[in-house]
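S.K.: Take a look at my_file_9.cif, mmCIF, C-alpha atoms and all ligand atoms:
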```
data_run
loop_
_atom_site.label_atom_id
_atom_site.label_comp_id
_atom_site.auth_asym_id
_atom_site.auth_seq_id
_atom_site.Cartn_x
_atom_site.Cartn_y
_atom_site.Cartn_z
CA MET A 196 -34.65 51.05 -22.16
CA LYS A 197 -31.65 49.30 -23.60
CA THR A 198 -32.67 50.12 -27.15
CA TRP A 199 -29.57 52.27 -27.78
CA LYS A 200 -27.36 49.26 -27.00
CA ARG A 201 -29.32 47.13 -29.43
CA VAL A 202 -29.08 49.81 -32.12
CA ALA A 203 -25.32 50.24 -31.51
CA GLY A 204 -24.85 46.47 -31.62
CA ILE A 205 -26.77 46.10 -34.87
CA THR A 206 -24.93 49.06 -36.47
CA LEU A 207 -21.52 47.66 -35.50
CA THR A 208 -22.35 44.16 -36.75
CA ALA A 209 -23.74 45.57 -39.99
CA SER A 210 -20.67 47.71 -40.69
CA ALA A 211 -18.27 44.86 -39.86
CA ALA A 212 -20.23 42.60 -42.19
CA SER A 213 -20.20 45.12 -45.04
CA ALA A 214 -16.46 45.78 -44.56
CA ALA A 215 -15.81 42.02 -44.76
CA LEU A 216 -18.06 41.78 -47.82
CA LEU A 217 -16.31 44.69 -49.58
CA GLY A 218 -12.90 43.21 -48.71
CA GLY A 219 -14.03 39.86 -50.06
CA LEU A 220 -15.33 41.42 -53.28
CA PHE A 221 -12.07 43.38 -53.71
CA VAL A 222 -9.97 40.22 -53.37
CA TYR A 223 -12.28 38.11 -55.51
CA SER A 224 -12.49 40.72 -58.29
CA GLY A 225 -8.73 40.36 -58.87
CA VAL A 226 -8.24 44.14 -59.05
CA TYR A 227 -5.17 44.15 -56.78
CA ASP A 228 -2.04 43.79 -58.91
CA VAL A 229 0.28 41.05 -57.58
CA SER A 230 2.94 41.50 -60.28
CA ALA A 231 6.51 42.05 -59.09
CA THR A 232 7.09 44.72 -61.74
CA ASP A 233 5.07 47.27 -59.76
CA GLN A 234 5.69 48.41 -56.19
CA HIS A 235 2.81 47.93 -53.73
CA THR A 236 0.53 50.96 -53.46
CA ALA A 237 1.82 53.45 -50.87
CA PRO A 238 -0.70 52.47 -48.14
CA VAL A 239 0.04 48.74 -48.57
CA TYR A 240 3.79 49.40 -48.64
CA HIS A 241 3.65 51.35 -45.37
CA LEU A 242 1.35 48.78 -43.80
CA LEU A 243 3.82 45.96 -44.61
CA GLU A 244 6.85 48.02 -43.54
CA THR A 245 5.25 48.89 -40.18
CA SER A 246 4.13 45.27 -39.61
CA LEU A 247 7.71 44.11 -40.24
CA ARG A 248 9.25 46.61 -37.80
CA ARG A 249 6.67 46.00 -35.04
CA SER A 250 6.76 42.22 -35.49
CA VAL A 251 10.55 42.04 -35.21
CA LYS A 252 10.64 44.44 -32.20
CA LEU A 253 8.06 42.42 -30.31
CA ARG A 254 10.03 39.20 -30.74
CA THR A 255 13.54 40.39 -29.89
CA SER A 256 13.28 42.38 -26.67
CA GLY A 257 14.92 39.73 -24.42
CA THR A 258 17.65 38.46 -26.77
CA GLU A 259 21.16 38.15 -25.32
CA VAL A 260 23.80 39.33 -27.75
CA PRO A 261 27.20 37.57 -27.63
CA ASN A 262 30.53 39.37 -28.15
CA LEU A 263 30.53 40.41 -31.81
CA GLU A 264 33.90 42.19 -31.82
CA ASP A 265 35.92 38.98 -32.23
CA THR A 266 37.92 39.00 -35.51
CA GLY A 267 37.53 35.26 -36.07
CA ARG A 268 33.78 35.70 -35.87
CA VAL A 269 33.78 38.58 -38.34
CA VAL A 270 35.83 36.62 -40.88
CA ALA A 271 33.63 33.54 -40.46
CA GLY A 272 30.60 35.81 -40.97
CA PHE A 273 32.14 37.27 -44.10
CA LYS A 274 32.54 33.80 -45.65
CA LEU A 275 28.94 32.92 -44.85
CA PHE A 276 27.80 36.26 -46.23
CA ARG A 277 29.65 35.56 -49.47
CA SER A 278 28.07 32.16 -49.92
CA HIS A 279 24.50 32.93 -48.76
CA CYS A 280 23.68 36.65 -48.90
CA VAL A 281 25.57 38.66 -51.49
CA GLN A 282 23.61 37.01 -54.35
CA CYS A 283 20.48 38.89 -53.25
CA HIS A 284 21.72 41.82 -51.20
CA GLY A 285 24.92 42.74 -53.04
CA ALA A 286 27.94 44.23 -51.25
CA PRO A 287 30.22 47.27 -51.65
CA GLY A 288 31.01 47.34 -55.37
CA ILE A 289 28.97 44.20 -56.09
CA ALA A 290 25.48 44.10 -57.60
CA PRO A 291 22.98 41.39 -56.69
CA GLN A 292 22.41 38.54 -59.16
CA PRO A 293 19.92 39.18 -62.01
CA PHE A 294 17.15 37.11 -60.37
CA ALA A 295 17.42 39.21 -57.21
CA LEU A 296 16.97 42.44 -59.14
CA GLY A 297 13.47 41.23 -60.03
CA LEU A 298 12.33 40.66 -56.46
CA THR A 299 9.57 42.83 -54.95
CA PRO A 300 10.15 43.88 -52.22
CA ALA A 301 13.71 44.51 -53.40
CA PRO A 302 16.40 43.07 -51.12
CA ALA A 303 17.80 45.95 -49.05
CA SER A 304 21.40 47.06 -49.22
CA LEU A 305 22.66 45.56 -45.97
CA VAL A 306 25.02 48.49 -45.52
CA ALA A 307 21.90 50.50 -44.65
CA SER A 308 20.19 47.68 -42.73
CA ALA A 309 23.21 47.20 -40.46
CA GLN A 310 22.62 50.73 -39.20
CA GLU A 311 18.82 50.54 -39.00
CA TRP A 312 18.42 47.30 -37.07
CA THR A 313 19.99 46.26 -33.76
CA ALA A 314 22.18 43.16 -33.62
CA ALA A 315 19.39 41.17 -31.94
CA GLU A 316 16.88 42.23 -34.61
CA THR A 317 19.26 41.39 -37.43
CA HIS A 318 19.88 37.97 -35.89
CA TRP A 319 16.14 37.34 -35.65
CA ILE A 320 15.51 38.36 -39.28
CA ILE A 321 18.32 36.15 -40.60
CA ARG A 322 17.22 33.22 -38.46
CA ARG A 323 13.48 33.39 -39.11
CA GLY A 324 13.27 35.07 -42.55
CA ILE A 325 10.41 37.31 -43.68
CA LYS A 326 7.19 35.83 -45.06
CA MET A 327 6.10 36.90 -48.55
CA SER A 328 9.30 38.81 -49.25
CA GLY A 329 11.85 36.34 -50.60
CA MET A 330 14.02 36.67 -47.48
CA PRO A 331 14.77 33.04 -46.54
CA ALA A 332 14.85 31.67 -42.99
CA TRP A 333 18.39 30.44 -42.33
CA GLN A 334 17.65 28.62 -39.09
CA TYR A 335 17.65 25.25 -40.84
CA ARG A 336 20.79 26.00 -42.88
CA MET A 337 23.04 27.74 -40.34
CA SER A 338 23.67 27.22 -36.63
CA ASP A 339 22.85 29.99 -34.17
CA GLU A 340 26.57 30.72 -33.78
CA GLU A 341 27.01 31.03 -37.53
CA ILE A 342 24.11 33.47 -37.69
CA TRP A 343 25.80 35.60 -35.00
CA ASP A 344 28.96 35.45 -37.15
CA VAL A 345 27.01 36.97 -40.04
CA VAL A 346 25.60 39.66 -37.71
CA ALA A 347 29.17 40.43 -36.56
CA PHE A 348 30.26 40.82 -40.17
CA MET A 349 27.27 43.04 -40.96
CA LYS A 350 28.41 45.43 -38.20
CA VAL A 351 31.72 45.82 -40.10
CA LEU A 352 30.14 45.92 -43.58
CA PRO A 353 29.31 49.68 -43.58
CA THR A 354 32.99 50.47 -42.97
CA LEU A 355 34.21 48.53 -46.03
CA SER A 356 34.97 50.28 -49.33
CA PRO A 357 34.59 48.31 -52.58
CA ALA A 358 38.40 47.95 -52.57
CA ASP A 359 38.34 46.58 -48.99
CA TYR A 360 35.59 44.13 -49.90
CA ALA A 361 37.55 42.94 -52.95
CA ARG A 362 40.65 42.49 -50.78
CA TRP A 363 38.72 40.48 -48.17
CA SER A 364 37.36 38.31 -50.99
CA ARG A 365 40.89 37.56 -52.19
CA GLU A 366 42.22 36.93 -48.69
CA HIS A 367 39.41 34.63 -47.62
CA ALA A 368 38.68 32.95 -50.94
CA GLU A 369 37.43 29.59 -49.67
CA THR A 370 33.70 29.39 -48.95
CA PRO A 371 31.97 27.09 -46.44
CA SER A 372 29.68 24.36 -47.79
CA ALA A 373 26.04 25.36 -48.26
CA THR A 374 24.46 22.78 -46.00
CA PRO A 375 26.54 21.34 -43.18
CA GLN A 376 26.11 17.58 -43.47
CA ALA A 377 26.70 15.14 -40.64
CA PRO A 378 27.54 11.59 -41.74
CA ILE A 379 24.32 9.91 -42.71
CA THR A 380 25.06 6.45 -41.35
CA SER A 381 24.72 7.60 -37.72
CA ALA A 382 21.04 8.47 -38.24
CA ALA A 383 20.27 5.14 -39.84
CA GLN A 384 22.02 3.14 -37.14
CA GLU A 385 20.34 4.81 -34.20
CA ALA A 386 16.65 5.21 -34.90
CA ARG A 387 15.63 7.65 -32.19
CA LEU A 388 12.68 9.77 -33.22
CA GLY A 389 12.47 13.47 -32.41
CA ASP A 390 9.73 15.94 -31.64
CA ALA A 391 6.63 15.79 -33.87
CA GLY A 392 5.77 19.48 -33.37
CA ALA A 393 9.26 20.58 -34.44
CA GLY A 394 8.99 18.14 -37.36
CA LYS A 395 5.78 19.70 -38.60
CA LYS A 396 7.56 23.08 -38.62
CA ALA A 397 10.67 21.70 -40.29
CA LEU A 398 8.53 20.25 -43.12
CA GLN A 399 7.92 23.83 -44.30
CA GLN A 400 11.65 24.36 -44.61
CA TYR A 401 12.46 21.48 -46.94
CA LEU A 402 9.75 22.02 -49.56
CA CYS A 403 7.95 18.79 -48.55
CA ALA A 404 4.64 20.63 -48.93
CA THR A 405 5.36 21.52 -52.55
CA CYS A 406 5.22 17.85 -53.57
CA HIS A 407 3.11 15.95 -51.02
CA ALA A 408 -0.43 16.18 -49.68
CA ILE A 409 0.13 16.17 -45.90
CA PRO A 410 -2.81 16.17 -43.46
CA GLY A 411 -2.72 19.12 -41.04
CA VAL A 412 -0.17 21.14 -43.06
CA VAL A 413 -1.58 24.31 -44.66
CA GLY A 414 -1.00 24.43 -48.41
CA ALA A 415 0.27 20.85 -48.62
CA ASP A 416 -2.12 19.63 -51.31
CA LYS A 417 0.13 18.71 -54.23
CA HIS A 418 0.54 15.27 -55.80
CA VAL A 419 4.06 15.26 -57.25
CA GLY A 420 4.84 12.52 -54.71
CA PRO A 421 2.43 10.14 -52.93
CA PRO A 422 0.06 11.60 -50.30
CA LEU A 423 1.50 11.11 -46.81
CA ALA A 424 -1.84 10.45 -45.06
CA GLY A 425 -1.59 7.10 -43.27
CA ILE A 426 2.18 6.84 -43.89
CA ALA A 427 2.54 5.45 -40.34
CA ASN A 428 0.56 2.36 -41.35
CA ARG A 429 2.23 1.77 -44.71
CA GLN A 430 4.31 -1.41 -45.03
CA TYR A 431 6.95 0.05 -47.33
CA ILE A 432 8.56 3.44 -47.83
CA ALA A 433 8.55 4.40 -51.52
CA GLY A 434 7.64 0.78 -52.24
CA VAL A 435 11.16 -0.48 -51.50
CA LEU A 436 12.16 0.00 -47.83
CA PRO A 437 10.37 -1.76 -44.96
CA ASN A 438 8.71 1.04 -43.00
CA THR A 439 10.86 1.21 -39.84
CA PRO A 440 12.01 4.41 -38.08
CA ALA A 441 15.63 3.72 -39.12
CA ASN A 442 14.62 3.36 -42.76
CA MET A 443 12.44 6.46 -42.59
CA LEU A 444 15.46 8.49 -41.38
CA ARG A 445 17.54 7.01 -44.16
CA TRP A 446 14.92 7.93 -46.74
CA LEU A 447 14.41 11.48 -45.50
CA ARG A 448 18.11 12.26 -45.40
CA LYS A 449 19.06 10.77 -48.74
CA PRO A 450 16.33 9.30 -50.96
CA THR A 451 18.74 8.91 -53.89
CA GLY A 452 20.90 6.68 -51.66
CA VAL A 453 17.93 4.30 -51.51
CA ASP A 454 16.79 4.70 -55.08
CA PRO A 455 19.13 6.66 -57.41
CA LEU A 456 16.26 7.20 -59.84
CA SER A 457 13.80 8.53 -57.27
CA ALA A 458 12.05 11.76 -58.19
CA MET A 459 12.35 12.85 -54.57
CA PRO A 460 15.56 14.90 -54.38
CA ASP A 461 18.13 14.92 -51.57
CA LEU A 462 17.07 18.04 -49.67
CA GLY A 463 19.97 18.28 -47.21
CA VAL A 464 17.73 17.41 -44.25
CA SER A 465 19.84 17.52 -41.07
CA GLU A 466 19.90 14.55 -38.73
CA GLN A 467 17.87 16.31 -36.03
CA ASP A 468 15.32 17.63 -38.53
CA ALA A 469 14.95 14.13 -40.03
CA ARG A 470 14.25 12.71 -36.55
CA ASP A 471 11.65 15.42 -35.92
CA ILE A 472 10.01 15.03 -39.33
CA ALA A 473 9.88 11.24 -38.93
CA ALA A 474 8.22 11.68 -35.53
CA PHE A 475 5.59 13.86 -37.19
CA LEU A 476 5.09 11.44 -40.10
CA TYR A 477 4.43 8.62 -37.61
CA THR A 478 1.49 10.62 -36.22
CA LEU A 479 -0.18 10.29 -39.65
CA ARG A 480 -2.12 7.07 -39.05
CA GLU A 481 -4.83 5.53 -41.19
CA PRO A 482 -8.20 6.04 -39.48
CA GLN A 483 -9.18 2.71 -37.89
C1 LIG A 501 16.76 35.07 -52.22
C2 LIG A 501 17.21 36.36 -51.89
C3 LIG A 501 17.75 36.64 -50.51
C4 LIG A 501 18.80 36.02 -49.88
C5 LIG A 501 19.64 34.86 -50.39
C6 LIG A 501 18.97 36.71 -48.63
N1 LIG A 501 18.05 37.71 -48.52
FE1 LIG A 501 17.86 39.00 -46.94
N2 LIG A 501 16.18 39.78 -47.78
C7 LIG A 501 15.70 39.47 -49.03
C8 LIG A 501 14.49 40.23 -49.27
C9 LIG A 501 13.65 40.17 -50.53
C10 LIG A 501 14.26 40.99 -48.11
C11 LIG A 501 13.04 41.87 -47.83
C12 LIG A 501 13.17 43.20 -48.35
C13 LIG A 501 13.99 43.99 -47.47
O1 LIG A 501 13.49 44.53 -46.46
O2 LIG A 501 15.19 44.08 -47.73
C14 LIG A 501 15.37 40.72 -47.21
C15 LIG A 501 15.54 41.32 -45.97
C16 LIG A 501 16.67 41.19 -45.19
C17 LIG A 501 16.96 41.99 -44.02
C18 LIG A 501 16.10 43.14 -43.51
C19 LIG A 501 16.53 44.33 -44.32
C20 LIG A 501 15.86 45.61 -44.00
O3 LIG A 501 16.59 46.59 -43.83
O4 LIG A 501 14.62 45.64 -43.94
C21 LIG A 501 18.16 41.57 -43.54
C22 LIG A 501 18.90 42.10 -42.32
C23 LIG A 501 18.62 40.50 -44.41
N3 LIG A 501 17.69 40.30 -45.40
C24 LIG A 501 19.81 39.82 -44.25
C25 LIG A 501 20.20 38.75 -45.05
C26 LIG A 501 21.39 37.95 -44.79
C27 LIG A 501 22.40 38.23 -43.70
C28 LIG A 501 21.40 36.98 -45.74
C29 LIG A 501 22.38 35.83 -45.87
C30 LIG A 501 22.49 34.95 -44.73
C31 LIG A 501 20.25 37.18 -46.60
N4 LIG A 501 19.55 38.26 -46.15
C32 LIG A 501 19.96 36.40 -47.71
C33 LIG A 501 16.24 38.55 -49.91
C34 LIG A 501 17.29 37.70 -49.65
C1 LIG A 502 10.28 17.54 -55.62
C2 LIG A 502 9.23 16.80 -54.98
C3 LIG A 502 9.44 16.20 -53.61
C4 LIG A 502 9.85 16.85 -52.46
C5 LIG A 502 10.33 18.29 -52.32
C6 LIG A 502 9.72 15.89 -51.39
N1 LIG A 502 9.28 14.69 -51.88
FE1 LIG A 502 8.88 13.03 -50.79
N2 LIG A 502 8.52 12.00 -52.49
C7 LIG A 502 8.49 12.52 -53.75
C8 LIG A 502 8.27 11.46 -54.71
C9 LIG A 502 8.19 11.64 -56.22
C10 LIG A 502 8.16 10.27 -53.96
C11 LIG A 502 7.99 8.86 -54.49
C12 LIG A 502 9.42 8.38 -54.60
C13 LIG A 502 9.63 6.99 -55.05
O1 LIG A 502 8.72 6.17 -54.94
O2 LIG A 502 10.77 6.75 -55.49
C14 LIG A 502 8.32 10.65 -52.56
C15 LIG A 502 8.23 9.75 -51.50
C16 LIG A 502 8.19 10.12 -50.17
C17 LIG A 502 7.90 9.24 -49.06
C18 LIG A 502 7.52 7.79 -49.18
C19 LIG A 502 6.05 7.76 -49.41
C20 LIG A 502 5.44 6.42 -49.57
O3 LIG A 502 4.24 6.40 -49.82
O4 LIG A 502 6.14 5.43 -49.48
C21 LIG A 502 7.96 9.99 -47.93
C22 LIG A 502 7.71 9.51 -46.51
C23 LIG A 502 8.30 11.32 -48.32
N3 LIG A 502 8.44 11.37 -49.68
C24 LIG A 502 8.45 12.37 -47.44
C25 LIG A 502 8.94 13.62 -47.82
C26 LIG A 502 9.33 14.63 -46.88
C27 LIG A 502 9.18 14.55 -45.37
C28 LIG A 502 9.80 15.68 -47.61
C29 LIG A 502 10.45 16.95 -47.10
C30 LIG A 502 11.62 16.71 -46.29
C31 LIG A 502 9.66 15.33 -49.02
N4 LIG A 502 9.15 14.08 -49.09
C32 LIG A 502 10.02 16.16 -50.06
C33 LIG A 502 8.66 13.85 -54.09
C34 LIG A 502 9.09 14.83 -53.23
#
```
Using structure tokens, write down the structure from this file.
Ligand code: HEC
Ligand code: HEC
M.R.:
Amino acid sequence: MKTWKRVAGITLTASAASAALLGGLFVYSGVYDVSATDQHTAPVYHLLETSLRRSVKLRTSGTEVPNLEDTGRVVAGFKLFRSHCVQCHGAPGIAPQPFALGLTPAPASLVASAQEWTAAETHWIIRRGIKMSGMPAWQYRMSDEEIWDVVAFMKVLPTLSPADYARWSREHAETPSATPQAPITSAAQEARLGDAGAGKKALQQYLCATCHAIPGVVGADKHVGPPLAGIANRQYIAGVLPNTPANMLRWLRKPTGVDPLSAMPDLGVSEQDARDIAAFLYTLREPQ
């Protein structure tokens, strides 16, 4: 009676299983070339391009765009662009840095991007970055307002000739600092912890996972620094500071202030991100 359903079911399962097996074999064989000297094959390129477009569209439909016409905003955006973007994307009359020429996918000329993407989409891309492309997420390095400043400048960018760009560079020579730093003492004095979920996300943005084994964080399996499992129960931080929330914030924001010879670098962790990361670290308890 229901034999045809059984047959259909078995056929579907069998073809899904063989597709998965073939995919697995393809990956495991190492045939796919990951080198950055060759472009992806055309099907992979189009697959990635379409995923990018669809992914950004889906996430930006409700975004409210502020007034981007303001001259102050455009100039502020230009300064940020000069310190954070031109190295990879270039500008009218300016080539990207040598390292950026070797990136695959190649960083787009933003003169073209400014016309292809809406303001909301551009804001999203700058804020969140693009996985597996070399486009950084700037959310942890720039405020939302600053990112809108950059978007405002990008709207003007296609109208600038190389001569205009050179003139702007002369007129607005000073560049803002790379990572806005609040005074560090305030964090140490007031040991309020933040949100553990946000902290787990922020960890990805300060390279913590490239040096520490961290339970629950994908890819965090390195041993350059001590494993962070059970850090909540440890008596000392880095063997020198009593393990209190205030000291944890101090350590995260400026390890070299605690121990100038520490191999853990100062990563420019903001006060809020340090509070969030500390909250997450204090969820890492030794099993009883
Ligand atoms: C380390 C190099 C690097 C830096 C720095 C960088 N980008 Fe990118 N960016 C990339 C790469 C690589 C891509 C992905 C390839 C592509 O689509 O352009 C990309 C993509 C983009 C895109 C989408 C382009 C498109 O048309 O698909 C925008 C918009 C963008 N970046 C803006 C910026 C802005 C604004 C800054 C500065 C705040 C910046 N980028 C800094 C490397 C960089
Ligand atoms: C370049 C590698 C590196 C990076 C990146 C790094 N750390 Fe470390 N970390 C270390 C080393 C090395 C130590 C041991 C330092 C010492 O004892 O002086 C350490 C120590 C620590 C400690 C104290 C551990 C203990 O057992 O007492 C904590 C907590 C910590 N790191 C958290 C973090 C967090 C959170 C981040 C990201 C914001 C981070 N680390 C980024 C290398 C790194």
S.K.: Can you tell me which residues come within 8 Å of ligand LIG 502 (chain A) when counting all atoms listed in the file, ideally as number ranges by chain?
M.R.: A: 397-407, 419-423, 426, 429, 431-435, 443, 446-448, 450, 454, 456-460, 462, 464, 469, 472-473, 476
S.K.: Starting from the point (-2.9, 51.7, -57.7), work out which residues of protein, DNA or RNA have an atom no more than 8 Å away when counting all atoms listed in the file; state them as a PyMOL selection string.
M.R.: chain A and resi 227+235-236
S.K.: Given a cut-off of 7 Å, what residues near ligand LIG 501 (chain A) show up using only C-alpha atoms and all ligand atoms, put as a ChimeraX atom specification?
M.R.: /A:275-276,279-280,282-284,295,298-303,305,307-309,311,317,320-321,325,328-331,333,345-346
S.K.: Counting only C-alpha atoms, write as a PyMOL selection string all protein and nucleic acid residues lying at most 10 Å from (28.2, 33.1, -32.5) in the file's frame.
M.R.: chain A and resi 260-263+265+268-269+271-272+338-347
S.K.: Counting only C-alpha atoms, figure out which residue out of A:Val412, A:Leu388, A:Leu444, A:Leu436 gets nearest to Leu479 (chain A).
M.R.: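 Smallest separation from Leu479 (chain A) among the options: A:Val412.
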S.K.: CA of Lys396 (chain A) to CA of Gly414 (chain A): how many Å, to one decimal?
M.R.: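 We find that CA of Lys396 (chain A) and CA of Gly414 (chain A) lie 13.1 Å from each other.
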S.K.: My list of candidates is A:Met327, A:Asp461, A:Ala361, A:Thr266. Which is closest to Leu243 (chain A) when distances are computed with only C-alpha atoms?
M.R.: A:Met327
S.K.: Between CA of Lys350 (chain A) and CA of Phe273 (chain A), measure the distance and give it in Å to one decimal.
M.R.: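 Separation of CA of Lys350 (chain A) and CA of Phe273 (chain A): 10.7 Å.
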S.K.: Identify which of the residues A:Val413, A:Ala393, A:Ala315, A:Ala231 lies closest to Gly297 (chain A), counting all atoms listed in the file when measuring atom-to-atom distances.
M.R.: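 Going through A:Val413, A:Ala393, A:Ala315, A:Ala231 one by one, the smallest distance to Gly297 (chain A) is for A:Ala231.
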S.K.: So which one's closest to Ser356 (chain A), A:Leu296, A:Ile289, A:Gly204, A:Trp312? Using all atoms listed in the file, please.
M.R.: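 Smallest distance to Ser356 (chain A) is found for A:Ile289.
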S.K.: Between A:Met337, A:Ala314, A:Leu217, A:Ala290, single out the one closest to Lys252 (chain A), counting all atoms listed in the file.
M.R.: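 Closest to Lys252 (chain A) of all the choices is A:Ala314.
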S.K.: Pick out the residues sitting within 12 Å of Leu253 (chain A), and hand them over as an MDAnalysis selection string; count all atoms listed in the file, and ignore anything fewer than 4 positions along from it in its own chain.
M.R.: chainID A and resid 246:249 257:258 315:316 319
S.K.: Can you measure CA of Leu216 (chain A) to CA of Trp199 (chain A) for me? One decimal in Å is fine.
M.R.: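 Atom-to-atom, CA of Leu216 (chain A) to CA of Trp199 (chain A), that is 25.4 Å.
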S.K.: With 8 Å on each side, where is the centre of the axis-aligned box around all listed atoms of region 263-279 of chain A, and how long are its edges in Å to one decimal, as JSON?
M.R.:
```
{"center_x": 31.2, "center_y": 37.2, "center_z": -40.9, "size_x": 29.4, "size_y": 26.0, "size_z": 34.1}
```
